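Source file: protein_11.tsv; contents: TSV, C-alpha atoms and all ligand atoms.
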chain	number	residue	atom	x	y	z
D	1	MET	CA	118.99	51.27	103.21
D	2	THR	CA	115.29	51.71	103.82
D	3	THR	CA	111.95	50.49	102.50
D	4	ILE	CA	109.37	53.18	101.80
D	5	ALA	CA	106.17	52.18	103.58
D	6	ILE	CA	102.95	53.01	101.74
D	7	PRO	CA	100.04	53.27	104.20
D	8	GLU	CA	96.97	51.16	103.37
D	9	GLY	CA	94.60	53.16	101.16
D	10	SER	CA	97.16	55.89	100.50
D	11	LEU	CA	96.24	58.28	97.68
D	12	PHE	CA	99.94	58.30	96.79
D	13	GLY	CA	100.61	54.65	96.02
D	14	LEU	CA	102.64	53.25	93.12
D	15	ASP	CA	99.90	54.04	90.62
D	16	ASN	CA	100.19	57.76	91.29
D	17	LEU	CA	103.82	58.88	91.76
D	18	PRO	CA	103.42	62.65	91.31
D	19	TYR	CA	106.51	64.80	90.80
D	20	GLY	CA	107.35	67.97	92.67
D	21	ILE	CA	110.14	70.32	93.68
D	22	PHE	CA	111.15	70.05	97.33
D	23	SER	CA	113.83	71.26	99.68
D	24	THR	CA	114.81	70.74	103.29
D	25	ALA	CA	116.16	73.35	105.74
D	26	ASP	CA	119.74	72.67	104.65
D	27	SER	CA	119.35	71.75	100.98
D	28	GLU	CA	118.42	73.32	97.65
D	29	PRO	CA	115.17	72.72	95.74
D	30	ARG	CA	115.29	69.62	93.51
D	31	VAL	CA	113.02	67.00	91.97
D	32	GLY	CA	111.24	64.48	94.17
D	33	VAL	CA	108.48	61.96	93.70
D	34	ARG	CA	105.81	61.40	96.33
D	35	VAL	CA	105.39	57.83	97.57
D	36	GLY	CA	102.92	57.39	100.42
D	37	ASP	CA	103.88	59.96	103.05
D	38	SER	CA	107.46	60.12	101.81
D	39	VAL	CA	109.37	62.06	99.19
D	40	LEU	CA	112.00	60.17	97.21
D	41	ASP	CA	114.86	62.44	96.14
D	42	LEU	CA	115.32	61.75	92.43
D	43	SER	CA	118.51	63.82	92.27
D	44	ARG	CA	119.96	61.20	94.56
D	45	VAL	CA	118.61	57.99	93.05
D	46	PHE	CA	119.13	59.07	89.42
D	47	GLU	CA	122.43	60.91	89.96
D	48	ASP	CA	123.51	60.44	86.35
D	49	ASP	CA	120.61	62.52	84.98
D	50	ILE	CA	121.16	66.20	85.76
D	51	VAL	CA	117.52	67.15	85.17
D	52	PHE	CA	116.59	65.94	88.65
D	53	ALA	CA	118.93	68.41	90.35
D	54	GLU	CA	117.07	71.31	88.74
D	55	PRO	CA	114.80	73.65	90.78
D	56	SER	CA	111.88	73.04	88.36
D	57	LEU	CA	110.48	70.07	86.45
D	58	ASN	CA	110.99	71.78	83.08
D	59	ALA	CA	114.22	70.04	82.05
D	60	PHE	CA	112.78	66.63	82.91
D	61	MET	CA	109.48	67.44	81.19
D	62	ALA	CA	111.34	68.49	78.02
D	63	ARG	CA	112.88	65.02	77.73
D	64	GLY	CA	109.62	63.66	76.38
D	65	ARG	CA	107.22	60.83	76.87
D	66	ALA	CA	109.61	57.91	76.31
D	67	ARG	CA	111.81	59.22	79.13
D	68	TRP	CA	108.77	59.98	81.34
D	69	ASP	CA	107.66	56.35	80.93
D	70	GLU	CA	111.16	55.02	81.58
D	71	VAL	CA	111.59	57.04	84.79
D	72	ARG	CA	108.12	56.06	86.04
D	73	ALA	CA	108.93	52.37	85.51
D	74	ALA	CA	112.33	52.79	87.17
D	75	ILE	CA	110.76	54.47	90.23
D	76	LYS	CA	108.24	51.61	90.62
D	77	GLU	CA	111.09	49.13	90.53
D	78	LEU	CA	113.23	51.12	92.96
D	79	VAL	CA	110.44	51.59	95.46
D	80	ALA	CA	109.62	47.87	95.41
D	81	GLY	CA	113.07	47.30	96.95
D	82	ASP	CA	115.27	49.28	99.32
D	83	VAL	CA	116.52	52.80	98.67
D	84	ALA	CA	119.31	54.81	100.31
D	85	ASP	CA	118.22	56.38	103.62
D	86	GLU	CA	119.55	59.78	102.49
D	87	ALA	CA	117.16	59.74	99.50
D	88	VAL	CA	113.97	59.53	101.58
D	89	PHE	CA	112.25	62.37	103.46
D	90	ALA	CA	108.95	62.59	105.31
D	91	VAL	CA	106.46	64.81	103.47
D	92	ALA	CA	106.00	66.71	106.75
D	93	ASP	CA	109.73	67.59	106.81
D	94	VAL	CA	110.07	69.14	103.37
D	95	THR	CA	109.11	72.46	101.82
D	96	MET	CA	107.35	72.24	98.48
D	97	HIS	CA	107.99	74.81	95.76
D	98	LEU	CA	106.34	75.90	92.53
D	99	PRO	CA	106.88	72.73	90.47
D	100	ILE	CA	107.38	74.30	87.06
D	101	GLU	CA	108.77	77.41	85.50
D	102	VAL	CA	105.55	78.62	83.91
D	103	ALA	CA	105.90	79.58	80.24
D	104	ASP	CA	102.57	80.80	78.85
D	105	TYR	CA	99.43	80.59	80.95
D	106	VAL	CA	96.04	80.32	79.28
D	107	ASP	CA	92.80	79.76	81.11
D	108	PHE	CA	89.77	78.16	79.45
D	109	TYR	CA	86.06	78.21	80.24
D	110	ALA	CA	85.11	74.58	79.65
D	111	SER	CA	82.28	73.98	82.13
D	112	GLU	CA	78.84	74.46	80.62
D	113	ASN	CA	77.27	74.91	84.05
D	114	HIS	CA	79.82	77.54	85.04
D	115	ALA	CA	79.66	79.41	81.72
D	116	SER	CA	75.85	79.44	81.88
D	117	ASN	CA	75.82	80.68	85.47
D	118	LEU	CA	78.37	83.42	84.80
D	119	GLY	CA	76.48	84.43	81.68
D	120	ARG	CA	73.32	84.86	83.76
D	121	LEU	CA	75.22	86.87	86.40
D	122	PHE	CA	77.40	89.05	84.12
D	123	ARG	CA	75.04	89.42	81.13
D	124	PRO	CA	71.48	89.09	82.47
D	125	GLN	CA	70.17	91.06	79.47
D	126	ASN	CA	71.15	88.25	77.05
D	127	PRO	CA	68.41	85.71	76.28
D	128	ASP	CA	70.96	82.84	76.06
D	129	PRO	CA	73.48	82.73	78.92
D	130	LEU	CA	76.04	80.98	76.64
D	131	MET	CA	77.67	83.17	73.99
D	132	PRO	CA	77.12	81.91	70.39
D	133	ASN	CA	80.74	80.67	70.09
D	134	TRP	CA	80.74	78.63	73.29
D	135	LYS	CA	79.80	75.21	71.88
D	136	HIS	CA	82.03	75.64	68.82
D	137	LEU	CA	85.38	76.29	70.45
D	138	PRO	CA	86.97	76.16	73.90
D	139	VAL	CA	86.88	79.85	74.88
D	140	GLY	CA	89.97	81.05	76.75
D	141	TYR	CA	91.97	84.11	77.73
D	142	HIS	CA	95.66	84.64	78.18
D	143	GLY	CA	96.76	84.93	81.82
D	144	ARG	CA	99.88	86.10	83.60
D	145	SER	CA	102.51	83.40	84.17
D	146	SER	CA	104.62	85.51	86.54
D	147	THR	CA	101.93	85.44	89.22
D	148	VAL	CA	101.39	81.67	89.28
D	149	VAL	CA	102.32	80.49	92.78
D	150	THR	CA	101.99	77.27	94.72
D	151	SER	CA	100.13	76.08	97.79
D	152	GLY	CA	101.01	77.88	101.02
D	153	VAL	CA	101.83	81.19	99.34
D	154	ASP	CA	99.61	83.90	100.85
D	155	ILE	CA	97.81	86.22	98.44
D	156	VAL	CA	97.45	89.94	99.05
D	157	ARG	CA	93.98	91.25	98.26
D	158	PRO	CA	94.24	93.12	94.96
D	159	CYS	CA	93.35	96.77	94.47
D	160	GLY	CA	91.88	98.12	91.31
D	161	GLN	CA	89.12	100.04	89.60
D	162	ARG	CA	85.52	99.08	89.97
D	163	LYS	CA	82.26	100.73	89.05
D	164	GLY	CA	79.16	99.48	90.78
D	165	PRO	CA	75.71	100.15	89.30
D	166	ASN	CA	75.28	103.17	91.60
D	167	ASP	CA	78.77	104.64	91.17
D	168	PRO	CA	78.69	107.63	88.78
D	169	VAL	CA	82.43	107.21	88.11
D	170	PRO	CA	84.88	104.37	88.76
D	171	VAL	CA	86.41	104.14	92.23
D	172	PHE	CA	89.80	102.72	93.23
D	173	GLY	CA	90.41	100.46	96.21
D	174	PRO	CA	90.75	96.91	97.50
D	175	SER	CA	88.50	94.42	95.72
D	176	ILE	CA	85.29	93.82	97.63
D	177	ARG	CA	84.29	90.76	95.57
D	178	LEU	CA	87.33	88.50	95.84
D	179	ASP	CA	86.55	85.01	94.55
D	180	ILE	CA	88.09	81.65	93.77
D	181	GLU	CA	87.82	79.41	90.72
D	182	ALA	CA	88.34	75.69	91.33
D	183	GLU	CA	90.01	74.27	88.24
D	184	MET	CA	92.47	71.68	87.02
D	185	GLY	CA	95.68	72.86	85.37
D	186	PHE	CA	97.45	70.96	82.59
D	187	ILE	CA	101.16	71.30	81.92
D	188	VAL	CA	102.88	71.05	78.56
D	189	GLY	CA	106.05	68.92	78.77
D	190	VAL	CA	106.99	68.89	75.11
D	191	GLY	CA	106.01	71.90	73.05
D	192	SER	CA	105.40	72.28	69.35
D	193	PRO	CA	107.14	74.58	66.86
D	194	MET	CA	105.48	77.66	65.43
D	195	GLY	CA	103.58	76.75	62.30
D	196	SER	CA	102.60	73.27	63.53
D	197	ARG	CA	99.53	71.85	65.26
D	198	ILE	CA	98.88	69.37	68.03
D	199	THR	CA	95.91	67.08	67.37
D	200	PRO	CA	93.70	65.88	70.24
D	201	ASP	CA	95.11	62.35	69.86
D	202	GLU	CA	98.65	63.68	70.34
D	203	PHE	CA	97.76	65.04	73.78
D	204	ALA	CA	99.68	62.45	75.82
D	205	ASP	CA	102.87	63.09	73.82
D	206	HIS	CA	102.79	66.74	74.85
D	207	CYS	CA	101.00	66.99	78.18
D	208	PHE	CA	103.18	65.95	81.11
D	209	GLY	CA	100.68	66.10	83.94
D	210	ALA	CA	97.97	67.84	85.90
D	211	VAL	CA	97.63	69.97	89.03
D	212	ILE	CA	94.81	71.61	90.94
D	213	LEU	CA	94.50	75.28	90.03
D	214	ASN	CA	92.80	78.18	91.79
D	215	ASP	CA	92.25	81.12	89.44
D	216	TRP	CA	91.81	83.94	91.95
D	217	SER	CA	89.30	86.41	90.57
D	218	ALA	CA	88.38	89.92	91.69
D	219	ARG	CA	84.83	90.02	90.37
D	220	ASP	CA	84.35	93.77	90.80
D	221	ILE	CA	87.57	94.61	88.93
D	222	GLN	CA	86.71	92.00	86.29
D	223	ALA	CA	83.14	93.18	85.70
D	224	TRP	CA	84.30	96.73	84.93
D	225	GLU	CA	87.39	95.97	82.84
D	226	TYR	CA	86.46	92.92	80.80
D	227	VAL	CA	84.55	94.42	77.87
D	228	PRO	CA	85.46	93.71	75.10
D	229	LEU	CA	88.86	92.01	75.54
D	230	GLY	CA	88.20	89.70	78.47
D	231	PRO	CA	89.71	89.33	81.93
D	232	ASN	CA	92.93	91.19	82.70
D	233	LEU	CA	93.81	92.67	86.12
D	234	GLY	CA	90.80	91.02	87.74
D	235	LYS	CA	92.63	87.70	87.28
D	236	SER	CA	96.33	88.49	86.83
D	237	PHE	CA	97.24	89.21	90.47
D	238	ALA	CA	97.49	85.52	91.42
D	239	THR	CA	96.82	81.96	90.32
D	240	SER	CA	97.64	79.16	92.76
D	241	ILE	CA	98.57	75.60	91.76
D	242	SER	CA	99.14	72.48	93.85
D	243	PRO	CA	102.78	71.42	94.22
D	244	TRP	CA	102.50	67.77	93.07
D	245	VAL	CA	102.18	67.20	89.34
D	246	VAL	CA	100.23	64.00	88.69
D	247	PRO	CA	101.58	62.40	85.51
D	248	ILE	CA	99.10	61.92	82.68
D	249	ALA	CA	100.09	58.24	82.78
D	250	ALA	CA	98.60	58.02	86.29
D	251	LEU	CA	95.20	59.14	84.99
D	252	GLU	CA	94.49	56.07	82.78
D	253	ALA	CA	91.69	54.82	85.04
D	254	ALA	CA	90.16	58.31	85.23
D	255	ARG	CA	89.72	58.71	81.47
D	256	ILE	CA	86.09	58.95	80.36
D	257	ASP	CA	84.07	60.41	77.51
D	258	THR	CA	83.21	64.09	77.75
D	259	PRO	CA	79.48	64.88	77.82
D	260	VAL	CA	77.92	64.69	74.34
D	261	GLN	CA	79.15	67.61	72.27
D	262	ASP	CA	76.32	69.00	70.19
D	263	PRO	CA	76.82	70.59	67.66
D	264	GLU	CA	79.59	68.28	66.57
D	265	PRO	CA	82.94	70.05	66.90
D	266	LEU	CA	84.99	70.91	63.80
D	267	PRO	CA	87.40	68.15	62.69
D	268	TYR	CA	90.50	69.70	64.33
D	269	LEU	CA	88.77	69.39	67.72
D	270	LYS	CA	87.81	65.74	67.24
D	271	GLY	CA	89.96	62.87	68.44
D	272	THR	CA	89.42	59.15	68.81
D	273	GLU	CA	90.69	58.96	72.39
D	274	LYS	CA	88.78	59.70	75.57
D	275	TRP	CA	90.16	62.71	77.40
D	276	GLY	CA	87.31	63.52	79.72
D	277	LEU	CA	88.58	62.94	83.27
D	278	ASP	CA	86.68	61.64	86.27
D	279	ILE	CA	88.33	63.87	88.87
D	280	ASP	CA	86.46	64.90	92.03
D	281	LEU	CA	87.38	68.20	93.64
D	282	GLU	CA	86.57	69.53	97.08
D	283	VAL	CA	86.60	73.19	98.13
D	284	GLU	CA	87.20	74.05	101.81
D	285	TRP	CA	86.54	77.53	103.17
D	286	ASN	CA	88.19	78.04	106.57
D	287	GLY	CA	88.16	74.28	107.09
D	288	HIS	CA	84.54	73.71	106.02
D	289	VAL	CA	83.69	71.92	102.78
D	290	VAL	CA	81.44	74.21	100.75
D	291	SER	CA	81.54	72.58	97.33
D	292	ARG	CA	82.43	69.37	95.47
D	293	PRO	CA	83.00	70.23	91.79
D	294	PRO	CA	82.97	67.24	89.38
D	295	TYR	CA	85.53	67.45	86.57
D	296	ALA	CA	83.69	64.62	84.78
D	297	GLN	CA	81.05	67.16	83.70
D	298	MET	CA	83.47	69.39	81.74
D	299	TYR	CA	82.24	69.97	78.19
D	300	TRP	CA	85.65	70.48	76.54
D	301	SER	CA	88.52	68.07	77.23
D	302	PRO	CA	92.11	69.18	77.92
D	303	ALA	CA	93.13	67.48	74.65
D	304	GLN	CA	90.72	69.74	72.78
D	305	MET	CA	92.03	72.80	74.61
D	306	LEU	CA	95.63	72.02	73.59
D	307	ALA	CA	94.56	71.31	70.00
D	308	HIS	CA	92.69	74.60	69.91
D	309	THR	CA	95.65	76.52	71.38
D	310	SER	CA	97.95	75.38	68.56
D	311	VAL	CA	95.53	75.23	65.60
D	312	ASN	CA	96.54	78.68	64.36
D	313	GLY	CA	100.19	77.62	64.31
D	314	ALA	CA	101.06	79.20	67.64
D	315	ALA	CA	104.10	77.56	69.22
D	316	THR	CA	103.70	75.77	72.54
D	317	ARG	CA	106.53	75.37	75.02
D	318	THR	CA	107.71	73.27	77.93
D	319	GLY	CA	106.08	74.77	81.02
D	320	ASP	CA	102.98	76.10	79.29
D	321	LEU	CA	100.11	75.90	81.73
D	322	PHE	CA	96.49	75.83	80.74
D	323	GLY	CA	93.59	75.96	83.14
D	324	SER	CA	90.42	74.00	82.47
D	325	GLY	CA	88.18	76.82	83.56
D	326	THR	CA	86.07	76.77	86.67
D	327	ILE	CA	84.58	73.37	87.35
D	328	SER	CA	80.90	73.52	88.22
D	329	GLY	CA	78.37	70.71	88.23
D	330	PRO	CA	74.60	71.09	87.90
D	331	GLU	CA	73.97	71.11	91.68
D	332	LYS	CA	74.43	74.16	93.84
D	333	ASP	CA	76.99	72.44	96.08
D	334	GLN	CA	79.04	71.55	92.98
D	335	ARG	CA	79.79	75.13	91.98
D	336	GLY	CA	83.48	75.97	91.74
D	337	ALA	CA	83.28	79.73	92.26
D	338	PHE	CA	81.73	81.69	95.12
D	339	ILE	CA	80.03	84.14	92.75
D	340	GLU	CA	77.95	81.18	91.60
D	341	LEU	CA	77.63	79.53	95.00
D	342	THR	CA	76.24	82.75	96.52
D	343	TRP	CA	74.54	83.90	93.31
D	344	GLY	CA	76.46	87.12	92.99
D	345	GLY	CA	76.48	87.62	96.77
D	346	ALA	CA	72.67	87.51	97.07
D	347	GLU	CA	72.62	84.10	98.81
D	348	PRO	CA	75.32	83.93	101.51
D	349	VAL	CA	76.63	80.47	102.42
D	350	GLN	CA	77.22	79.04	105.87
D	351	VAL	CA	80.94	78.61	106.62
D	352	GLY	CA	81.05	77.01	110.07
D	353	ASP	CA	79.53	79.52	112.48
D	354	GLU	CA	79.82	82.37	110.03
D	355	THR	CA	78.28	83.32	106.72
D	356	ARG	CA	80.18	84.41	103.65
D	357	THR	CA	79.56	85.83	100.20
D	358	PHE	CA	83.06	86.65	98.92
D	359	VAL	CA	86.49	85.93	100.45
D	360	GLU	CA	87.44	88.00	103.51
D	361	ASP	CA	90.91	88.92	104.79
D	362	GLY	CA	92.40	86.08	106.82
D	363	ASP	CA	90.21	83.44	105.11
D	364	GLU	CA	91.91	80.25	104.04
D	365	ILE	CA	90.81	78.34	100.95
D	366	ALA	CA	91.95	74.78	100.23
D	367	ILE	CA	91.07	72.84	97.09
D	368	SER	CA	91.84	69.12	96.95
D	369	ALA	CA	91.17	66.47	94.30
D	370	THR	CA	91.16	62.72	93.81
D	371	ALA	CA	90.61	60.42	90.84
D	372	PRO	CA	90.08	56.71	90.27
D	373	GLY	CA	93.23	54.59	90.10
D	374	PRO	CA	93.42	50.99	88.86
D	375	ASN	CA	91.35	48.23	90.54
D	376	GLY	CA	89.03	50.41	92.58
D	377	THR	CA	91.83	52.41	94.21
D	378	ARG	CA	92.05	56.20	94.24
D	379	ILE	CA	94.88	58.58	93.58
D	380	GLY	CA	95.30	62.07	95.04
D	381	PHE	CA	96.43	65.43	93.70
D	382	GLY	CA	97.04	66.76	97.21
D	383	GLU	CA	95.80	70.29	97.73
D	384	VAL	CA	96.31	73.94	96.99
D	385	ARG	CA	95.85	76.01	100.14
D	386	THR	CA	95.95	79.80	100.29
D	387	ARG	CA	95.38	82.51	102.87
D	388	ILE	CA	94.23	85.99	101.94
D	389	LEU	CA	96.09	88.96	103.41
D	390	PRO	CA	94.72	92.52	103.58
D	391	ALA	CA	95.35	94.81	100.63
D	392	ILE	CA	98.58	96.82	100.65
D	393	GLY	CA	98.23	100.09	102.52
D	394	GLU	CA	95.29	99.06	104.65
D	401	LIG	O1	81.73	85.01	81.54
D	401	LIG	C1	82.54	85.87	81.88
D	401	LIG	O2	82.50	87.02	81.48
D	401	LIG	C2	83.64	85.54	82.78
D	401	LIG	C3	84.00	84.30	83.07
D	401	LIG	C4	85.04	83.98	84.03
D	401	LIG	O3	85.51	84.74	84.85
D	401	LIG	C5	85.48	82.61	84.05
D	401	LIG	C6	86.92	82.34	83.78
D	401	LIG	O4	87.91	82.87	84.25
D	401	LIG	C7	87.10	81.12	83.00
D	401	LIG	C8	86.78	79.96	83.87
D	401	LIG	O5	87.47	79.77	84.85
D	401	LIG	O6	85.84	79.21	83.57
D	402	CA	CA	89.27	80.78	85.44
D	403	MG	MG	94.45	84.11	87.82

Kindly return the structure encoded in the file as structure tokens.
Ligand SMILES: O=C(O)/C=C/C(=O)CC(=O)CC(=O)O
Ligand SMILES: [Ca+2]
Ligand SMILES: [Mg+2]
Amino acid sequence: MTTIAIPEGSLFGLDNLPYGIFSTADSEPRVGVRVGDSVLDLSRVFEDDIVFAEPSLNAFMARGRARWDEVRAAIKELVAGDVADEAVFAVADVTMHLPIEVADYVDFYASENHASNLGRLFRPQNPDPLMPNWKHLPVGYHGRSSTVVTSGVDIVRPCGQRKGPNDPVPVFGPSIRLDIEAEMGFIVGVGSPMGSRITPDEFADHCFGAVILNDWSARDIQAWEYVPLGPNLGKSFATSISPWVVPIAALEAARIDTPVQDPEPLPYLKGTEKWGLDIDLEVEWNGHVVSRPPYAQMYWSPAQMLAHTSVNGAATRTGDLFGSGTISGPEKDQRGAFIELTWGGAEPVQVGDETRTFVEDGDEIAISATAPGPNGTRIGFGEVRTRILPAIGE
């Protein structure tokens, strides 16, 4: 038997307990929970519940909130005592996998600073950078679930059509404006049948947890294709999420009011509970921090996004993933996309000894996040780290 040591100040103490899918060199992917610098094998400690032997969290997530709470309490109790040696692995010794089987993937646009900046860059002719609908509903587009991958999975630079202002006709080739979008992703554990709605106050009964999300964006492909139906191939080649899913229950101390919403949202978007979240992100470009986006500034809450998604009676399912939209604060060094940080490429940023506008082949981007825990502590989401490989055929 062994005691799991939790280092002083760990971002993965008993108030966090994120779930993930891990394997070792000689074992299959299964459900683990992170405790300090260790992974506790839940397929081992809860042998009687088959959901923990699954290669995704979906079966566990589908069990519902009462079971989530029960398992979380049981883990805290287990970890306070001794656990079987065979059930504990060092984080450094395991491989992490995509934690969920992604059902539908929708990405929102909930940061007022980001939406205003992109409006100025994409639609400079418009007097108001925000579209008229923006403050009335959480704007979103439907993404491609099959290309959601986890940290450590390299991304091949996408090819596609683009048409620059001086190109008489569209040209085809590798994207020359490859960008990131630093976001949080929210995962539906328990869905809702077609013809029903989820209210904002029912959020915690449906949402299982949160991850960091990088919505890779080829700005040149996007700018040419997006009118009038929104992003398609400029976004669908890859979306990266962090491997540890932080349970919604771990975010109690991070819950805050959203910024004042004016005009007042329609009744179906109003709840009585606070679902703004005080999460701090950090974006590293080749090992250098270039931005610190504050989730606390997001205009629309994840509870409002889920309510909006289902208000027309659309079904939601276990494994649905919705992105918050790029997180940008009011300051330049709080912008969550490089198109904003470099103002469309016009203002290169210093990345160590080099300068950058958009992402180059071989670059590595890492996004990490932390949030307040109880009693002045902090909890971590870990990171999502990705390297960019040259386009196919180059
Ligand atoms: O304003 C536009 O035309 C485009 C906006 C985006 O690309 C942003 C997007 O994907 C949503 C977000 O992450 O905020
Ligand atoms: Ca996005
Ligand atoms: Mg994407």

Quiz prompt | Surroundings of ligand LIG 401 (chain D) up to 8 Å, based on all atoms listed in the file, as a PyMOL selection string | solution = chain D and resi 107-111+114-115+118-119+122-123+140-141+181-183+215+217+219+222-223+226+230-231+235+323-327

Quiz item: Could you pull the residues within 10 Å of Val45 in chain D, counting only C-alpha atoms, minus those fewer than 3 positions along the same chain, as a PyMOL selection string?
Solution: chain D and resi 32+40-42+48-49+52+75+78+83-84+86-88

Find the smallest box with edges along x, y and z containing every listed atom of range 353-368 of chain D, then add 5 Å on each side and report centre and edge lengths in Å to one decimal, as lines of an AutoDock Vina configuration file.
center_x = 85.3
center_y = 79.0
center_z = 104.7
size_x = 24.1
size_y = 29.8
size_z = 25.5

Practice problem: Scan for residues within 7 Å of the point (106.1, 67.9, 81.9) in the coordinates of the file, using all atoms listed in the file, and reply as a list of chain:residue names. | Solution: D:Leu57, D:Asn58, D:Phe60, D:Met61, D:Ala62, D:Ile187, D:Val188, D:Gly189, D:Val190, D:Cys207, D:Phe208, D:Gly209, D:Thr318, D:Gly319

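Minimum atom-to-atom distance to ligand MG 403 (chain D), evaluated using only C-alpha atoms and all ligand atoms, belongs to D:Asp179 out of D:Glu112, D:Asp179, D:Glu364, D:Asp205.
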
Would you mind completing range 296-310 of chain D to N, CA and C atoms and writing the output as a PDB file, in the frame of the given file?
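Final output, result.pdb:
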ATOM      1  N   ALA D 296      84.297  65.504  85.791  1.00  0.00           N
ATOM      2  CA  ALA D 296      83.690  64.620  84.780  1.00  0.00           C
ATOM      3  C   ALA D 296      82.660  65.340  83.911  1.00  0.00           C
ATOM      4  N   GLN D 297      82.100  66.434  84.427  1.00  0.00           N
ATOM      5  CA  GLN D 297      81.050  67.160  83.700  1.00  0.00           C
ATOM      6  C   GLN D 297      81.593  68.162  82.689  1.00  0.00           C
ATOM      7  N   MET D 298      82.918  68.332  82.605  1.00  0.00           N
ATOM      8  CA  MET D 298      83.470  69.390  81.740  1.00  0.00           C
ATOM      9  C   MET D 298      83.171  69.106  80.268  1.00  0.00           C
ATOM     10  N   TYR D 299      82.690  70.107  79.581  1.00  0.00           N
ATOM     11  CA  TYR D 299      82.240  69.970  78.190  1.00  0.00           C
ATOM     12  C   TYR D 299      83.440  69.743  77.257  1.00  0.00           C
ATOM     13  N   TRP D 300      84.457  70.591  77.389  1.00  0.00           N
ATOM     14  CA  TRP D 300      85.650  70.480  76.540  1.00  0.00           C
ATOM     15  C   TRP D 300      86.738  69.721  77.287  1.00  0.00           C
ATOM     16  N   SER D 301      87.447  68.843  76.580  1.00  0.00           N
ATOM     17  CA  SER D 301      88.520  68.070  77.230  1.00  0.00           C
ATOM     18  C   SER D 301      89.831  68.856  77.148  1.00  0.00           C
ATOM     19  N   PRO D 302      90.799  68.515  78.011  1.00  0.00           N
ATOM     20  CA  PRO D 302      92.110  69.180  77.920  1.00  0.00           C
ATOM     21  C   PRO D 302      92.793  68.923  76.577  1.00  0.00           C
ATOM     22  N   ALA D 303      92.536  67.770  75.971  1.00  0.00           N
ATOM     23  CA  ALA D 303      93.130  67.480  74.650  1.00  0.00           C
ATOM     24  C   ALA D 303      92.582  68.450  73.606  1.00  0.00           C
ATOM     25  N   GLN D 304      91.311  68.771  73.719  1.00  0.00           N
ATOM     26  CA  GLN D 304      90.720  69.740  72.780  1.00  0.00           C
ATOM     27  C   GLN D 304      91.262  71.146  73.036  1.00  0.00           C
ATOM     28  N   MET D 305      91.497  71.466  74.303  1.00  0.00           N
ATOM     29  CA  MET D 305      92.030  72.800  74.610  1.00  0.00           C
ATOM     30  C   MET D 305      93.429  72.972  74.025  1.00  0.00           C
ATOM     31  N   LEU D 306      94.268  71.922  74.126  1.00  0.00           N
ATOM     32  CA  LEU D 306      95.630  72.020  73.590  1.00  0.00           C
ATOM     33  C   LEU D 306      95.586  72.077  72.054  1.00  0.00           C
ATOM     34  N   ALA D 307      94.700  71.282  71.463  1.00  0.00           N
ATOM     35  CA  ALA D 307      94.560  71.310  70.000  1.00  0.00           C
ATOM     36  C   ALA D 307      94.111  72.698  69.539  1.00  0.00           C
ATOM     37  N   HIS D 308      93.183  73.271  70.281  1.00  0.00           N
ATOM     38  CA  HIS D 308      92.690  74.600  69.910  1.00  0.00           C
ATOM     39  C   HIS D 308      93.796  75.652  70.052  1.00  0.00           C
ATOM     40  N   THR D 309      94.575  75.547  71.118  1.00  0.00           N
ATOM     41  CA  THR D 309      95.650  76.520  71.380  1.00  0.00           C
ATOM     42  C   THR D 309      96.650  76.577  70.228  1.00  0.00           C
ATOM     43  N   SER D 310      96.893  75.434  69.585  1.00  0.00           N
ATOM     44  CA  SER D 310      97.950  75.380  68.560  1.00  0.00           C
ATOM     45  C   SER D 310      97.397  75.363  67.135  1.00  0.00           C
TER      46      SER D 310
END
